[in-house]
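Listing of upload_12.cif, mmCIF, C-alpha atoms
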```cif
data_model
#
loop_
_atom_site.label_atom_id
_atom_site.label_comp_id
_atom_site.auth_asym_id
_atom_site.auth_seq_id
_atom_site.Cartn_x
_atom_site.Cartn_y
_atom_site.Cartn_z
CA MET A 1 30.11 -144.19 -86.58
CA ASP A 2 32.82 -142.12 -88.29
CA VAL A 3 33.84 -142.44 -91.94
CA ASP A 4 37.11 -144.28 -91.20
CA ALA A 5 35.36 -146.92 -89.10
CA ARG A 6 32.69 -147.42 -91.77
CA THR A 7 35.39 -147.76 -94.44
CA ARG A 8 37.22 -150.37 -92.41
CA GLY A 9 33.95 -152.24 -91.93
CA ASP A 10 33.27 -152.19 -95.66
CA ASP A 11 36.79 -153.46 -96.34
CA ALA A 12 36.33 -156.29 -93.86
CA LEU A 13 33.07 -157.30 -95.51
CA ARG A 14 34.60 -157.32 -98.99
CA TRP A 15 37.67 -159.28 -97.96
CA THR A 16 35.56 -161.76 -95.98
CA ALA A 17 33.53 -162.38 -99.15
CA VAL A 18 36.73 -162.83 -101.17
CA GLY A 19 38.15 -165.27 -98.66
CA THR A 20 34.92 -167.25 -98.38
CA LEU A 21 34.51 -167.60 -102.15
CA ALA A 22 38.17 -168.55 -102.55
CA ALA A 23 37.78 -171.23 -99.87
CA VAL A 24 34.70 -172.59 -101.68
CA ALA A 25 36.66 -172.73 -104.95
CA LEU A 26 39.51 -174.60 -103.28
CA VAL A 27 37.19 -177.12 -101.60
CA CYS A 28 35.46 -177.76 -104.93
CA SER A 29 38.87 -178.30 -106.54
CA PHE A 30 39.35 -181.40 -104.38
CA LEU A 31 35.94 -182.89 -105.16
CA PRO A 32 35.06 -184.88 -108.31
CA ALA A 33 34.37 -182.15 -110.86
CA ALA A 34 33.95 -183.99 -114.16
CA HIS A 35 32.94 -187.31 -115.65
CA LEU A 36 35.12 -188.20 -118.65
CA GLU A 37 34.41 -190.90 -121.20
CA VAL A 38 35.82 -192.25 -124.45
CA SER A 39 34.53 -195.20 -126.46
CA GLY A 40 35.25 -197.46 -129.41
CA PHE A 41 33.80 -200.42 -131.23
CA LEU A 42 34.59 -203.69 -132.95
CA GLY A 43 32.74 -205.10 -135.94
CA SER A 44 29.69 -203.66 -137.69
CA GLY A 45 25.96 -204.15 -137.93
CA GLU A 46 24.44 -206.73 -135.60
CA THR A 47 27.86 -208.05 -134.61
CA GLN A 48 29.16 -204.67 -133.50
CA ARG A 49 30.26 -204.41 -129.88
CA VAL A 50 30.81 -201.06 -128.17
CA TYR A 51 33.41 -200.53 -125.46
CA ASP A 52 33.74 -197.45 -123.31
CA LEU A 53 36.03 -196.29 -120.56
CA GLN A 54 34.89 -193.80 -117.94
CA ARG A 55 36.61 -191.86 -115.21
CA ASP A 56 35.56 -189.27 -112.63
CA VAL A 57 38.25 -186.69 -111.92
CA ALA A 58 38.87 -183.79 -109.57
CA LEU A 59 41.05 -180.80 -110.36
CA VAL A 60 43.27 -181.95 -107.50
CA PRO A 61 44.87 -184.40 -107.92
CA GLY A 62 43.29 -185.85 -111.06
CA LEU A 63 43.91 -182.93 -113.42
CA LEU A 64 47.22 -181.68 -112.05
CA PRO A 65 49.46 -179.95 -112.96
CA ARG A 66 47.39 -178.05 -115.55
CA SER A 67 44.54 -177.42 -113.14
CA LEU A 68 46.92 -175.12 -111.23
CA VAL A 69 45.67 -172.36 -113.55
CA VAL A 70 42.50 -172.59 -111.44
CA VAL A 71 43.91 -173.62 -108.07
CA LEU A 72 46.75 -171.10 -107.76
CA PRO A 73 44.60 -167.97 -108.27
CA ALA A 74 42.19 -169.29 -105.63
CA LEU A 75 45.09 -169.81 -103.21
CA VAL A 76 46.38 -166.30 -103.91
CA LEU A 77 42.92 -164.84 -103.27
CA LEU A 78 42.54 -166.74 -100.00
CA GLY A 79 45.98 -165.60 -98.80
CA THR A 80 45.39 -161.99 -99.84
CA ALA A 81 42.01 -161.89 -98.12
CA ALA A 82 43.53 -163.29 -94.92
CA ALA A 83 46.35 -160.74 -95.03
CA ALA A 84 43.89 -157.89 -95.60
CA LEU A 85 41.74 -158.94 -92.67
CA VAL A 86 44.74 -159.29 -90.35
CA TYR A 87 46.89 -156.33 -91.41
CA GLY A 88 44.36 -154.05 -93.05
CA SER A 89 43.53 -153.42 -96.67
CA ARG A 90 46.29 -152.04 -98.91
CA GLY A 91 46.26 -150.83 -102.47
CA TRP A 92 48.55 -153.58 -103.69
CA MET A 93 46.18 -156.16 -102.19
CA ALA A 94 43.37 -154.83 -104.37
CA VAL A 95 45.58 -155.11 -107.45
CA VAL A 96 46.54 -158.70 -106.55
CA ALA A 97 42.88 -159.61 -105.88
CA PHE A 98 41.85 -158.17 -109.24
CA ALA A 99 44.58 -160.01 -111.16
CA ALA A 100 43.95 -163.32 -109.38
CA GLY A 101 40.16 -162.99 -109.60
CA LEU A 102 40.28 -162.24 -113.31
CA SER A 103 42.69 -165.13 -113.91
CA LEU A 104 40.43 -167.52 -112.00
CA ALA A 105 37.30 -166.39 -113.86
CA ILE A 106 38.98 -166.77 -117.26
CA ALA A 107 40.40 -170.19 -116.35
CA CYS A 108 37.00 -171.45 -115.15
CA TYR A 109 35.30 -170.14 -118.28
CA SER A 110 37.87 -171.79 -120.55
CA VAL A 111 37.34 -175.17 -118.86
CA GLU A 112 33.55 -174.72 -118.98
CA THR A 113 33.55 -174.33 -122.77
CA ASN A 114 35.09 -177.80 -123.17
CA PHE A 115 32.34 -179.73 -121.41
CA THR A 116 29.80 -181.55 -123.58
CA PHE A 117 26.21 -180.76 -122.62
CA ILE A 118 24.52 -183.17 -125.02
CA GLU A 119 24.60 -186.95 -125.04
CA GLY A 120 27.19 -188.48 -127.33
CA MET A 121 30.80 -187.82 -128.12
CA ARG A 122 32.18 -184.44 -129.06
CA GLY A 123 33.99 -185.03 -132.33
CA CYS A 124 37.02 -182.97 -133.30
CA ASP A 125 39.51 -183.23 -136.14
CA ALA A 126 42.20 -181.84 -133.82
CA PRO A 127 42.63 -182.06 -130.03
CA CYS A 128 39.82 -179.93 -128.60
CA ALA A 129 39.37 -180.86 -124.94
CA GLY A 130 41.11 -177.73 -123.75
CA PHE A 131 44.26 -177.06 -121.76
CA VAL A 132 43.06 -178.59 -118.47
CA LEU A 133 41.07 -181.62 -119.69
CA LEU A 134 43.24 -182.61 -122.67
CA PRO A 135 45.87 -184.76 -120.85
CA ALA A 136 43.19 -186.66 -118.90
CA ILE A 137 41.25 -187.35 -122.10
CA GLY A 138 44.45 -188.54 -123.78
CA ASP A 139 45.27 -190.87 -120.88
CA LEU A 140 41.75 -192.28 -120.95
CA ARG A 141 41.96 -192.92 -124.70
CA ASP A 142 45.35 -194.61 -124.32
CA ASP A 143 43.96 -196.81 -121.55
CA LEU A 144 41.04 -197.84 -123.77
CA LEU A 145 43.37 -198.70 -126.63
CA SER A 146 45.50 -200.80 -124.28
CA THR A 147 42.59 -203.02 -123.18
CA PRO A 148 42.23 -206.50 -124.75
CA ALA A 149 39.41 -205.20 -126.97
CA GLY A 150 41.34 -202.08 -127.91
CA ARG A 151 44.33 -204.12 -129.06
CA GLN A 152 42.28 -206.28 -131.39
CA PRO A 153 42.56 -205.69 -135.17
CA GLY A 154 39.68 -203.60 -136.47
CA PHE A 155 39.03 -201.75 -133.21
CA GLU A 156 38.01 -198.15 -133.92
CA LEU A 157 37.41 -195.19 -131.67
CA THR A 158 33.93 -193.69 -131.73
CA GLY A 159 33.91 -190.50 -133.74
CA THR A 160 37.45 -189.32 -134.35
CA GLN A 161 40.79 -189.85 -132.66
CA ASN A 162 40.04 -186.77 -130.53
CA SER A 163 36.39 -187.46 -129.64
CA TYR A 164 35.40 -187.43 -125.98
CA TYR A 165 32.53 -186.90 -123.56
CA ALA A 166 32.89 -184.69 -120.49
CA LYS A 167 30.06 -183.93 -118.08
CA PRO A 168 30.44 -181.51 -115.14
CA PHE A 169 29.44 -182.49 -111.61
CA ASP A 170 27.93 -180.29 -108.89
CA ALA A 171 31.40 -179.47 -107.54
CA TRP A 172 32.25 -177.89 -110.87
CA TRP A 173 29.22 -175.62 -110.72
CA GLY A 174 30.32 -174.48 -107.27
CA LEU A 175 33.81 -173.79 -108.60
CA LEU A 176 32.54 -172.00 -111.69
CA THR A 177 30.12 -169.84 -109.71
CA SER A 178 32.69 -168.85 -107.10
CA GLY A 179 35.32 -168.27 -109.80
CA LEU A 180 33.13 -165.91 -111.81
CA ALA A 181 32.00 -164.15 -108.63
CA LEU A 182 35.62 -163.65 -107.58
CA GLY A 183 36.37 -162.14 -110.97
CA LEU A 184 33.62 -159.57 -110.42
CA LEU A 185 34.53 -159.01 -106.78
CA GLY A 186 38.19 -158.53 -107.64
CA GLY A 187 37.22 -155.87 -110.15
CA TYR A 188 35.04 -154.16 -107.55
CA VAL A 189 37.82 -154.17 -104.96
CA LEU A 190 40.16 -152.54 -107.46
CA ALA A 191 37.57 -149.97 -108.57
CA ARG A 192 36.93 -148.97 -104.95
CA LEU A 193 40.45 -147.56 -104.78
CA ALA A 194 39.26 -144.61 -106.87
CA LEU A 195 35.45 -144.71 -106.92
CA THR A 196 32.51 -144.62 -104.54
CA PRO A 197 30.69 -147.92 -103.90
CA TRP A 198 27.86 -147.20 -106.33
CA ARG A 199 30.14 -146.01 -109.12
CA ALA A 200 32.44 -148.99 -108.63
CA ALA A 201 29.49 -151.38 -108.78
CA VAL A 202 28.12 -149.75 -111.94
CA LEU A 203 31.53 -149.86 -113.61
CA VAL A 204 32.04 -153.55 -112.82
CA ALA A 205 28.49 -154.40 -113.93
CA ALA A 206 28.99 -152.55 -117.23
CA VAL A 207 32.31 -154.28 -117.94
CA ALA A 208 30.80 -157.67 -117.04
CA PHE A 209 27.85 -157.04 -119.40
CA LEU A 210 30.16 -156.07 -122.26
CA ALA A 211 32.28 -159.18 -121.62
CA LEU A 212 29.15 -161.36 -121.67
CA VAL A 213 28.03 -159.84 -124.97
CA TRP A 214 31.47 -160.44 -126.44
CA PHE A 215 31.54 -164.08 -125.29
CA VAL A 216 28.07 -164.73 -126.73
CA PHE A 217 28.87 -163.20 -130.10
CA SER A 218 32.28 -164.89 -130.30
CA GLY A 219 30.61 -168.22 -129.53
CA LEU A 220 28.00 -167.69 -132.24
CA THR A 221 30.57 -166.73 -134.86
CA SER A 222 32.74 -169.77 -134.04
CA GLU A 223 29.88 -172.24 -134.66
#
```

Please, can you express the file's structure as structure tokens?
Amino acid sequence: MDVDARTRGDDALRWTAVGTLAAVALVCSFLPAAHLEVSGFLGSGETQRVYDLQRDVALVPGLLPRSLVVVLPALVLLGTAAAALVYGSRGWMAVVAFAAGLSLAIACYSVETNFTFIEGMRGCDAPCAGFVLLPAIGDLRDDLLSTPAGRQPGFELTGTQNSYYAKPFDAWWGLLTSGLALGLLGGYVLARLALTPWRAAVLVAAVAFLALVWFVFSGLTSE
């Protein structure tokens, strides 16, 4: 096998992986990804009654239009991968894949940080559900306040006005995993324009490690 044929084969493998992961991300976007909940109460002590409102939502259509920050990069990646497989890999395709992959990874990470992984409401003095979840949380809170119990005098929301509970489903883990993988793969595709496979892989791994360290330390300092 000559070098050109091997290169084309490597390109096909990379773009097939990009397309497959993008398709997984898109499928997961249409499945229930999160369980949202807000609650409130009437009275106090033994007479206190708790009311909660729950809703399971998918990125599409439940969290539109803000969830497009996740869906659009996945669509771009799927289209770019298809074009590369049909017409052959081009330099601009690698740049597009890198930009879309990085955007998808960042968007998935930003949504991930707004899930609550412990039982009970996440209390915030200011809106803190994040760009994608915030409108759905607000709608859920408004719906609770419009119920017969919520309209009664003395009804109070649990925690603060901005408290909420959000638990990810399995579809979200599939979306998060594919999104982060596409971020790494997009970086690798771009690095391969100038580097050998091993050097490209080492570069992407080093950048990913530094990003992980930065995220961990930024999370610790924000607590």

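In this comparison, which uses all atoms listed in the file, the residue of A:Cys128, A:Leu75, A:Ala200, A:Leu53 approaching Ser146 of chain A most closely is A:Leu53.
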
Compile the contact shell of Ala191 of chain A as a PDB file with C-alpha atoms, in the frame of the given file: residues with an atom at most 12 Å away, counting all atoms listed in the file, same-chain residues fewer than 5 positions apart removed.
```
ATOM      1  CA  GLY A  91      46.260-150.830-102.470  1.00  0.00           C
ATOM      2  CA  ALA A  94      43.370-154.830-104.370  1.00  0.00           C
ATOM      3  CA  VAL A  95      45.580-155.110-107.450  1.00  0.00           C
ATOM      4  CA  ALA A  97      42.880-159.610-105.880  1.00  0.00           C
ATOM      5  CA  PHE A  98      41.850-158.170-109.240  1.00  0.00           C
ATOM      6  CA  LEU A 184      33.620-159.570-110.420  1.00  0.00           C
ATOM      7  CA  LEU A 185      34.530-159.010-106.780  1.00  0.00           C
ATOM      8  CA  GLY A 186      38.190-158.530-107.640  1.00  0.00           C
ATOM      9  CA  THR A 196      32.510-144.620-104.540  1.00  0.00           C
ATOM     10  CA  PRO A 197      30.690-147.920-103.900  1.00  0.00           C
ATOM     11  CA  TRP A 198      27.860-147.200-106.330  1.00  0.00           C
ATOM     12  CA  ARG A 199      30.140-146.010-109.120  1.00  0.00           C
ATOM     13  CA  ALA A 200      32.440-148.990-108.630  1.00  0.00           C
ATOM     14  CA  ALA A 201      29.490-151.380-108.780  1.00  0.00           C
ATOM     15  CA  VAL A 202      28.120-149.750-111.940  1.00  0.00           C
ATOM     16  CA  LEU A 203      31.530-149.860-113.610  1.00  0.00           C
ATOM     17  CA  VAL A 204      32.040-153.550-112.820  1.00  0.00           C
ATOM     18  CA  ALA A 205      28.490-154.400-113.930  1.00  0.00           C
ATOM     19  CA  VAL A 207      32.310-154.280-117.940  1.00  0.00           C
TER      20      VAL A 207
END
```

From A:Val132, A:Ala74, A:Ala166, A:Met93, residue lying nearest Thr116 of chain A [only C-alpha atoms]: A:Ala166

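The residues caught by the PyMOL selection byres ((chain A and resi 16-24) around 6) in this file are A:Ala12, A:Leu13, A:Arg14, A:Trp15, A:Ala25, A:Leu26, A:Val27, A:Ala74, A:Leu78, A:Ala81, A:Ser178.
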
Interatomic distance, atom CA of Ala34 of chain A to atom CA of Arg66 of chain A (Å, one decimal): 14.8 Å

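For the pair atom CA of Leu102 of chain A and atom CA of Val57 of chain A, the interatomic distance is 24.6 Å.
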
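In this structure, atom CA of Ser110 of chain A sits 11.6 Å away from atom CA of Gly179 of chain A.
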